[in-house]
$ cat query27.txt   # compact mmCIF, C-alpha atoms
# COMPACT_ATOMS: atom_id res chain seq x y z
CA MET H 1 59.85 99.07 100.09
CA VAL H 2 58.00 102.25 101.05
CA TYR H 3 59.84 104.66 103.31
CA ASP H 4 58.58 107.39 105.60
CA LEU H 5 61.85 109.25 105.94
CA SER H 6 60.77 111.18 109.05
CA VAL H 7 60.04 108.06 111.09
CA ASP H 8 62.86 106.01 109.61
CA LEU H 9 65.42 108.73 110.27
CA ILE H 10 64.17 109.19 113.84
CA GLN H 11 64.84 105.50 114.40
CA ALA H 12 68.31 105.76 112.83
CA THR H 13 69.42 108.81 114.86
CA VAL H 14 71.39 108.26 118.07
CA GLN H 15 72.88 110.24 120.92
CA LEU H 16 76.65 110.17 121.36
CA GLU H 17 78.13 111.04 124.73
CA GLN H 18 81.26 110.76 126.82
CA PRO H 19 81.64 111.77 130.49
CA LEU H 20 84.45 114.21 131.29
CA LYS H 21 86.69 114.38 134.34
CA ASP H 22 85.00 117.53 135.64
CA GLY H 23 81.66 115.74 135.93
CA SER H 24 80.16 117.22 132.74
CA ARG H 25 79.79 115.36 129.49
CA THR H 26 80.36 115.88 125.81
CA VAL H 27 77.17 115.24 123.84
CA GLY H 28 76.48 115.07 120.14
CA THR H 29 74.18 113.48 117.60
CA GLY H 30 74.81 110.88 114.94
CA PHE H 31 72.81 108.83 112.48
CA LEU H 32 73.27 105.46 110.81
CA ILE H 33 73.67 104.84 107.09
CA ALA H 34 73.47 101.41 105.44
CA ASP H 35 76.14 100.80 102.81
CA ILE H 36 78.17 98.08 101.10
CA ASP H 37 81.90 97.75 101.80
CA PRO H 38 84.52 97.31 99.03
CA ASP H 39 84.16 93.52 99.37
CA GLY H 40 80.43 93.67 98.75
CA LYS H 41 79.41 93.05 102.36
CA PRO H 42 76.76 95.18 104.10
CA ARG H 43 78.00 97.59 106.73
CA THR H 44 76.52 100.14 109.10
CA ILE H 45 78.15 103.58 109.19
CA LEU H 46 77.79 106.17 111.92
CA ILE H 47 77.76 109.74 110.59
CA THR H 48 78.37 112.72 112.86
CA ALA H 49 80.17 116.06 112.95
CA ALA H 50 83.92 115.52 113.19
CA HIS H 51 84.26 117.94 116.09
CA VAL H 52 81.93 115.77 118.20
CA LEU H 53 84.45 112.92 118.13
CA ASP H 54 87.45 115.24 118.25
CA ARG H 55 86.20 116.59 121.57
CA MET H 56 85.85 113.14 123.12
CA PRO H 57 89.29 112.46 124.60
CA SER H 58 88.71 108.92 125.92
CA PHE H 59 89.02 105.67 123.98
CA SER H 60 85.28 104.96 123.97
CA ALA H 61 81.94 106.73 124.00
CA LYS H 62 78.33 105.74 124.57
CA ILE H 63 76.05 105.32 121.58
CA GLY H 64 72.36 105.53 122.41
CA TYR H 65 70.75 102.47 120.88
CA ARG H 66 67.10 101.71 121.62
CA ILE H 67 65.54 98.27 121.89
CA GLN H 68 61.89 97.37 121.29
CA SER H 69 60.51 94.51 123.35
CA SER H 70 58.05 91.90 122.11
CA ASP H 71 55.17 93.91 123.57
CA GLY H 72 56.19 96.95 121.52
CA VAL H 73 57.68 99.01 124.36
CA TRP H 74 60.94 100.83 123.62
CA ARG H 75 63.76 101.16 126.14
CA TYR H 76 67.02 103.08 126.05
CA ASP H 77 69.99 100.73 125.74
CA PRO H 78 73.23 102.70 125.32
CA GLN H 79 76.30 100.66 124.46
CA THR H 80 80.03 101.28 124.47
CA LEU H 81 81.47 102.44 121.17
CA LYS H 82 85.22 102.25 120.68
CA ILE H 83 86.39 105.42 118.93
CA ARG H 84 90.17 105.23 119.41
CA ASP H 85 92.89 102.61 119.36
CA GLY H 86 95.41 104.17 121.70
CA ASP H 87 96.06 107.64 120.34
CA HIS H 88 94.69 106.77 116.90
CA PRO H 89 91.12 107.76 115.97
CA LEU H 90 89.09 104.95 114.37
CA TRP H 91 86.92 107.29 112.32
CA VAL H 92 87.62 109.00 109.04
CA LYS H 93 86.85 112.64 108.45
CA HIS H 94 86.56 114.89 105.49
CA ALA H 95 89.69 116.88 104.72
CA GLY H 96 87.88 120.22 104.50
CA ARG H 97 84.46 119.76 106.12
CA ASP H 98 83.24 118.99 109.63
CA VAL H 99 82.02 115.47 108.80
CA ALA H 100 83.13 112.12 110.24
CA ALA H 101 82.23 108.49 109.49
CA LEU H 102 82.84 105.35 111.53
CA VAL H 103 81.89 101.75 110.76
CA VAL H 104 79.97 100.34 113.75
CA GLU H 105 78.70 96.94 114.84
CA ALA H 106 75.13 97.87 115.63
CA PRO H 107 72.62 95.44 117.16
CA PRO H 108 70.83 93.59 114.33
CA GLU H 109 67.52 95.38 114.92
CA PHE H 110 69.28 98.73 114.92
CA ALA H 111 71.31 97.93 111.83
CA LYS H 112 67.99 97.38 110.06
CA ALA H 113 67.03 100.95 110.96
CA ALA H 114 70.04 102.42 109.12
CA ILE H 115 69.05 104.68 106.23
CA PRO H 116 70.07 103.55 102.72
CA LEU H 117 72.94 105.53 101.22
CA ALA H 118 70.71 106.42 98.27
CA TRP H 119 68.67 108.76 100.50
CA LEU H 120 71.57 111.17 100.79
CA ALA H 121 71.13 114.14 98.45
CA LYS H 122 73.23 114.12 95.30
CA ASP H 123 74.86 117.04 93.54
CA ASP H 124 71.73 117.76 91.49
CA THR H 125 69.04 117.08 94.12
CA PHE H 126 68.49 120.71 95.15
CA SER H 127 68.24 121.94 91.57
CA HIS H 128 66.07 118.96 90.54
CA TYR H 129 63.44 119.85 93.15
CA LYS H 130 63.97 123.60 92.67
CA LEU H 131 64.68 124.14 96.35
CA GLY H 132 65.35 127.62 97.60
CA PRO H 133 65.08 130.05 100.51
CA GLY H 134 61.89 129.63 102.52
CA ASP H 135 61.60 125.90 101.92
CA GLU H 136 61.04 124.00 105.14
CA MET H 137 63.38 121.27 106.32
CA MET H 138 63.59 119.24 109.52
CA ALA H 139 66.46 118.37 111.83
CA LEU H 140 66.95 115.71 114.49
CA GLY H 141 69.15 115.94 117.53
CA PHE H 142 69.66 115.96 121.28
CA PRO H 143 69.86 119.63 122.36
CA ARG H 144 71.74 119.91 125.66
CA GLY H 145 71.65 116.12 125.77
CA LEU H 146 67.85 116.03 126.01
CA SER H 147 65.83 113.33 124.27
CA ALA H 148 62.16 113.26 123.35
CA ASN H 149 61.33 110.59 125.96
CA PRO H 150 62.92 108.03 128.31
CA ALA H 151 63.38 105.68 125.35
CA GLY H 152 66.06 108.03 124.02
CA PHE H 153 64.50 109.12 120.74
CA PRO H 154 65.78 112.38 119.20
CA ILE H 155 63.91 115.66 119.21
CA LEU H 156 62.52 116.79 115.87
CA ARG H 157 62.79 120.47 114.96
CA SER H 158 61.93 122.33 111.78
CA GLY H 159 63.07 125.52 110.13
CA ARG H 160 63.26 127.29 106.82
CA VAL H 161 66.19 127.55 104.48
CA ALA H 162 67.67 130.97 105.20
CA SER H 163 70.32 131.43 102.52
CA TYR H 164 70.66 131.66 98.77
CA PRO H 165 71.86 130.13 96.52
CA LEU H 166 71.96 126.51 97.66
CA ALA H 167 73.78 124.91 94.76
CA PRO H 168 76.19 123.80 93.52
CA ALA H 169 77.62 122.37 96.72
CA THR H 170 81.15 122.78 95.41
CA ALA H 171 80.64 126.55 95.40
CA PHE H 172 78.30 126.73 98.42
CA PRO H 173 79.27 123.81 100.69
CA THR H 174 76.99 124.96 103.52
CA PHE H 175 73.62 126.63 103.81
CA LEU H 176 71.71 128.29 106.64
CA MET H 177 68.59 127.13 108.48
CA ASP H 178 66.39 129.50 110.49
CA PHE H 179 65.86 127.61 113.75
CA ALA H 180 67.29 127.46 117.27
CA VAL H 181 70.23 125.12 117.73
CA PHE H 182 72.04 124.12 120.90
CA PRO H 183 75.07 122.15 122.04
CA GLY H 184 74.25 118.50 121.46
CA ASN H 185 72.61 119.11 118.06
CA SER H 186 75.92 118.77 116.23
CA GLY H 187 75.99 115.85 113.82
CA GLY H 188 72.24 115.56 113.44
CA PRO H 189 70.65 114.96 110.03
CA VAL H 190 68.82 117.73 108.20
CA PHE H 191 66.24 116.43 105.77
CA MET H 192 63.14 117.08 103.71
CA ALA H 193 60.13 114.76 103.79
CA GLN H 194 57.10 116.13 102.00
CA GLY H 195 54.50 113.84 100.49
CA ALA H 196 52.76 116.46 98.33
CA ARG H 197 55.07 119.34 97.58
CA ARG H 198 53.92 121.75 94.91
CA ARG H 199 56.04 124.55 93.52
CA PRO H 200 54.45 127.73 92.12
CA GLY H 201 53.41 127.16 88.52
CA ALA H 202 53.64 123.36 88.77
CA THR H 203 50.67 121.26 87.66
CA GLU H 204 51.44 118.24 89.82
CA ALA H 205 52.60 117.72 93.38
CA GLN H 206 55.76 115.71 93.97
CA GLU H 207 56.99 113.50 96.78
CA VAL H 208 60.27 114.81 98.16
CA GLN H 209 62.29 112.72 100.61
CA PHE H 210 66.04 113.05 101.06
CA ILE H 211 68.76 113.88 103.58
CA ALA H 212 69.98 117.35 102.71
CA GLY H 213 73.01 117.43 104.99
CA ILE H 214 74.33 117.44 108.52
CA LEU H 215 74.05 120.15 111.16
CA THR H 216 77.56 121.24 112.07
CA GLN H 217 77.50 124.72 113.61
CA GLN H 218 75.45 127.56 115.05
CA VAL H 219 75.88 131.20 114.15
CA GLU H 220 77.08 133.74 116.70
CA LEU H 221 77.68 137.45 116.29
CA SER H 222 79.82 139.10 118.98
CA GLY H 223 78.93 136.31 121.38
CA GLU H 224 75.19 136.46 120.69
CA ARG H 225 73.41 133.37 119.34
CA LEU H 226 71.34 134.25 116.29
CA GLU H 227 69.28 131.03 116.25
CA ILE H 228 70.63 130.09 112.85
CA GLY H 229 72.11 126.69 112.09
CA ILE H 230 74.79 125.88 109.54
CA VAL H 231 74.19 122.75 107.47
CA THR H 232 76.94 121.00 105.53
CA HIS H 233 75.70 119.50 102.26
CA ALA H 234 75.17 115.73 101.99
CA LYS H 235 77.73 115.70 99.18
CA TYR H 236 80.41 115.82 101.85
CA ILE H 237 78.82 112.95 103.77
CA ARG H 238 79.08 110.88 100.60
CA GLU H 239 82.70 111.91 100.14
CA THR H 240 83.53 111.03 103.75
CA ILE H 241 81.94 107.60 103.41
CA GLY H 242 84.06 107.14 100.30
CA LEU H 243 87.17 107.43 102.47
CA LEU H 244 86.28 104.30 104.43
CA GLY H 245 88.40 101.42 103.22
CA LYS H 246 90.80 103.74 101.41
CA LEU H 247 92.64 104.92 104.52
CA SER H 248 94.01 102.95 107.43
CA PRO H 249 91.74 103.45 110.47
CA LEU H 250 94.89 104.06 112.51
CA THR H 251 95.79 107.17 110.54
CA ALA H 252 92.55 108.22 108.88
CA ALA H 253 91.58 111.05 111.24
CA ALA H 254 94.98 111.92 112.64
CA PRO H 255 95.17 115.51 111.28
CA SER H 256 92.79 117.86 113.08
CA THR H 257 90.78 119.92 110.62
CA ARG H 258 89.72 123.46 111.44
CA ILE H 259 86.00 124.17 111.48
CA GLU H 260 85.28 126.37 108.49
CA PRO H 261 84.12 129.95 109.00
CA LEU H 262 80.47 130.82 108.66
CA LEU H 263 80.56 132.30 105.19
CA GLU H 264 82.80 131.61 102.25
CA GLY H 265 84.42 134.85 101.12
CA ALA H 266 82.98 136.89 104.00
CA THR H 267 83.07 140.64 103.49
CA ALA H 268 84.61 143.08 105.95
CA ALA H 269 81.13 143.97 107.20
CA SER H 270 80.57 140.34 108.23
CA ALA H 271 84.03 139.73 109.65
CA ALA H 272 82.70 139.85 113.21
CA VAL H 273 80.42 136.87 112.54
CA SER H 274 81.81 133.64 113.94
CA ALA H 275 80.60 130.06 113.77
CA SER H 276 80.38 128.32 117.13
CA ALA H 277 80.70 124.52 117.29
CA MET H 278 77.91 122.69 119.08
CA GLY H 279 79.49 119.52 120.42
CA VAL H 280 79.77 120.26 124.14
CA GLY H 281 76.96 119.17 126.46
CA ARG H 282 75.87 120.51 129.79

$ encode --input "query27.txt" --output "structure tokens"
Amino acid sequence: MVYDLSVDLIQATVQLEQPLKDGSRTVGTGFLIADIDPDGKPRTILITAAHVLDRMPSFSAKIGYRIQSSDGVWRYDPQTLKIRDGDHPLWVKHAGRDVAALVVEAPPEFAKAAIPLAWLAKDDTFSHYKLGPGDEMMALGFPRGLSANPAGFPILRSGRVASYPLAPATAFPTFLMDFAVFPGNSGGPVFMAQGARRRPGATEAQEVQFIAGILTQQVELSGERLEIGIVTHAKYIRETIGLLGKLSPLTAAAPSTRIEPLLEGATAASAAVSASAMGVGR
């Protein structure tokens, strides 16, 4: 099967929201991954930033599915998604990274839109394609809860990799993207989809399609937004998915993990730089 990752990932990306008592709402982004459970049965997994779900206090949220009618017209069809059983979160989250995973019962047509697990970058993907600063990647999300149209499709943005080095992920678990991010973007996929990418000195172009990571934070300096996004490597999405089935859903996400600071081993000169979470909507 031939994939166009841009279109396929647009179809697999959903808005997550929950109304709050003060009349506002918490908004975030998630995307669906197709996987096989430990018993060999297919399952659909919702991936998002852990702080998006942490900041939703109620038992359920709305997940923004979209339905296509027989005449080809899309309509927005949000459904209730149970995220807690009493006080117990039903998702699992990474012990050290802002990544969460939740098995969902998506409508059959939406389950088909889920992206295969194999499209998540592996430990050697960045080095294999010789990716570096200046390379362009794309991100999907719902900034301030806005969608691209009434059908509820996500908004596509692009930006360039703004940090170096990118690998290995164990040493550099996040990287920076030079583009404007807003509340509501949290949990959106960051990916590369180039049909004819050519590196300097290469004799042949190469097709590059993979999910590089998940957008988890924006950068602020003394309260000023710098229009830089922080992306957590796909390695940690894979590790979070690996927790499903290993932990009881009643205890999996019980401990609250702290959002990591912007830079690992920040120097004194950069101590004033803080990373601001992006899960709260308008």

$ atom_distance --input "query27.txt" --atom1 "CA of Ala106 in chain H" --atom2 "CA of Gly188 in chain H"
18.1 Å

$ closest_atom_pairs --input "query27.txt" --of "range 136-186 of chain H" --to "range 39-61 of chain H" --cutoff "10 Å" --atoms "all atoms listed in the file" --output "CSV"
residue,atom,partner,partner_atom,distance
H:Gly184,CA,H:Val52,CA,8.8
H:Asn185,CA,H:Ala49,CA,9.6
H:Ser186,CA,H:Ala49,CA,6.0

$ closest_residue --input "query27.txt" --among "H:Pro38, H:Gly223, H:Pro154, H:Gly145" --to "Val14 in chain H" --atoms "only C-alpha atoms"
H:Pro154

$ atom_distance --input "query27.txt" --atom1 "CA of Asp37 in chain H" --atom2 "CA of Leu140 in chain H"
26.6 Å

$ closest_residue --input "query27.txt" --among "H:Arg66, H:His94, H:Arg75, H:Lys122" --to "Pro107 in chain H" --atoms "only C-alpha atoms"
H:Arg66

$ atom_distance --input "query27.txt" --atom1 "CA of Leu102 in chain H" --atom2 "CA of Arg157 in chain H"
25.3 Å

$ residues_around --input "query27.txt" --residues "range 67-70 of chain H" --least-positions-apart "2" --cutoff "9 Å" --atoms "only C-alpha atoms" --output "ChimeraX atom specification"
/H:65,72-77,107,109-110,151

$ closest_residue --input "query27.txt" --among "H:Ile155, H:Val92, H:Ser127, H:Arg97" --to "Ile10 in chain H" --atoms "only C-alpha atoms"
H:Ile155

$ build_atoms --input "query27.txt" --residues "range 57-68 of chain H" --atoms "all heavy atoms" --output "compact mmCIF listing (two decimals), in the frame of the given file"
# COMPACT_ATOMS: atom_id res chain seq x y z
N PRO H 57 87.91 112.86 124.44
CA PRO H 57 89.29 112.46 124.60
C PRO H 57 89.52 110.99 124.94
O PRO H 57 90.61 110.47 124.72
CB PRO H 57 89.77 113.36 125.75
CG PRO H 57 88.54 113.64 126.54
CD PRO H 57 87.44 113.73 125.54
N SER H 58 88.52 110.31 125.50
CA SER H 58 88.71 108.92 125.92
C SER H 58 88.63 107.96 124.74
O SER H 58 88.26 108.32 123.62
CB SER H 58 87.67 108.54 126.97
OG SER H 58 87.79 109.37 128.12
N PHE H 59 88.96 106.68 125.03
CA PHE H 59 89.02 105.67 123.98
C PHE H 59 87.63 105.24 123.49
O PHE H 59 87.49 104.72 122.39
CB PHE H 59 89.77 104.43 124.47
CG PHE H 59 91.19 104.72 124.88
CD1 PHE H 59 91.77 103.99 125.90
CD2 PHE H 59 91.93 105.71 124.26
CE1 PHE H 59 93.08 104.26 126.29
CE2 PHE H 59 93.23 105.98 124.63
CZ PHE H 59 93.82 105.25 125.65
N SER H 60 86.62 105.43 124.33
CA SER H 60 85.28 104.96 123.97
C SER H 60 84.23 105.99 124.35
O SER H 60 84.47 106.87 125.19
CB SER H 60 84.97 103.62 124.65
OG SER H 60 84.98 103.77 126.06
N ALA H 61 83.08 105.87 123.72
CA ALA H 61 81.94 106.73 124.00
C ALA H 61 80.70 105.85 124.16
O ALA H 61 80.77 104.63 123.98
CB ALA H 61 81.74 107.74 122.87
N LYS H 62 79.60 106.46 124.50
CA LYS H 62 78.33 105.74 124.57
C LYS H 62 77.49 106.12 123.35
O LYS H 62 77.37 107.29 123.00
CB LYS H 62 77.56 106.11 125.84
CG LYS H 62 78.19 105.55 127.12
CD LYS H 62 78.08 104.04 127.18
CE LYS H 62 78.59 103.51 128.52
NZ LYS H 62 78.50 102.03 128.59
N ILE H 63 76.95 105.10 122.71
CA ILE H 63 76.05 105.32 121.58
C ILE H 63 74.65 104.87 122.01
O ILE H 63 74.48 103.76 122.52
CB ILE H 63 76.53 104.60 120.31
CG1 ILE H 63 75.60 104.87 119.13
CG2 ILE H 63 76.73 103.10 120.54
CD1 ILE H 63 76.16 104.40 117.80
N GLY H 64 73.68 105.73 121.83
CA GLY H 64 72.36 105.53 122.41
C GLY H 64 71.42 104.67 121.58
O GLY H 64 70.45 105.19 121.02
N TYR H 65 71.68 103.37 121.57
CA TYR H 65 70.75 102.47 120.88
C TYR H 65 69.45 102.36 121.68
O TYR H 65 69.40 102.61 122.89
CB TYR H 65 71.38 101.08 120.73
CG TYR H 65 72.56 101.03 119.79
CD1 TYR H 65 73.76 100.45 120.18
CD2 TYR H 65 72.47 101.58 118.51
CE1 TYR H 65 74.84 100.40 119.32
CE2 TYR H 65 73.55 101.54 117.64
CZ TYR H 65 74.73 100.94 118.05
OH TYR H 65 75.80 100.91 117.20
N ARG H 66 68.40 101.94 120.99
CA ARG H 66 67.10 101.71 121.62
C ARG H 66 66.60 100.33 121.20
O ARG H 66 66.75 99.93 120.04
CB ARG H 66 66.10 102.79 121.18
CG ARG H 66 66.53 104.20 121.55
CD ARG H 66 65.65 105.25 120.90
NE ARG H 66 65.80 105.26 119.46
CZ ARG H 66 66.70 106.01 118.79
NH1 ARG H 66 67.52 106.80 119.47
NH2 ARG H 66 66.77 105.97 117.49
N ILE H 67 66.00 99.63 122.14
CA ILE H 67 65.54 98.27 121.89
C ILE H 67 64.03 98.21 122.09
O ILE H 67 63.51 98.73 123.07
CB ILE H 67 66.24 97.26 122.83
CG1 ILE H 67 67.77 97.36 122.68
CG2 ILE H 67 65.77 95.83 122.54
CD1 ILE H 67 68.29 97.04 121.30
N GLN H 68 63.33 97.54 121.17
CA GLN H 68 61.89 97.37 121.29
C GLN H 68 61.59 95.95 121.75
O GLN H 68 62.03 94.98 121.14
CB GLN H 68 61.19 97.65 119.96
CG GLN H 68 59.68 97.67 120.05
CD GLN H 68 59.04 98.05 118.71
OE1 GLN H 68 59.61 97.80 117.65
NE2 GLN H 68 57.86 98.64 118.76
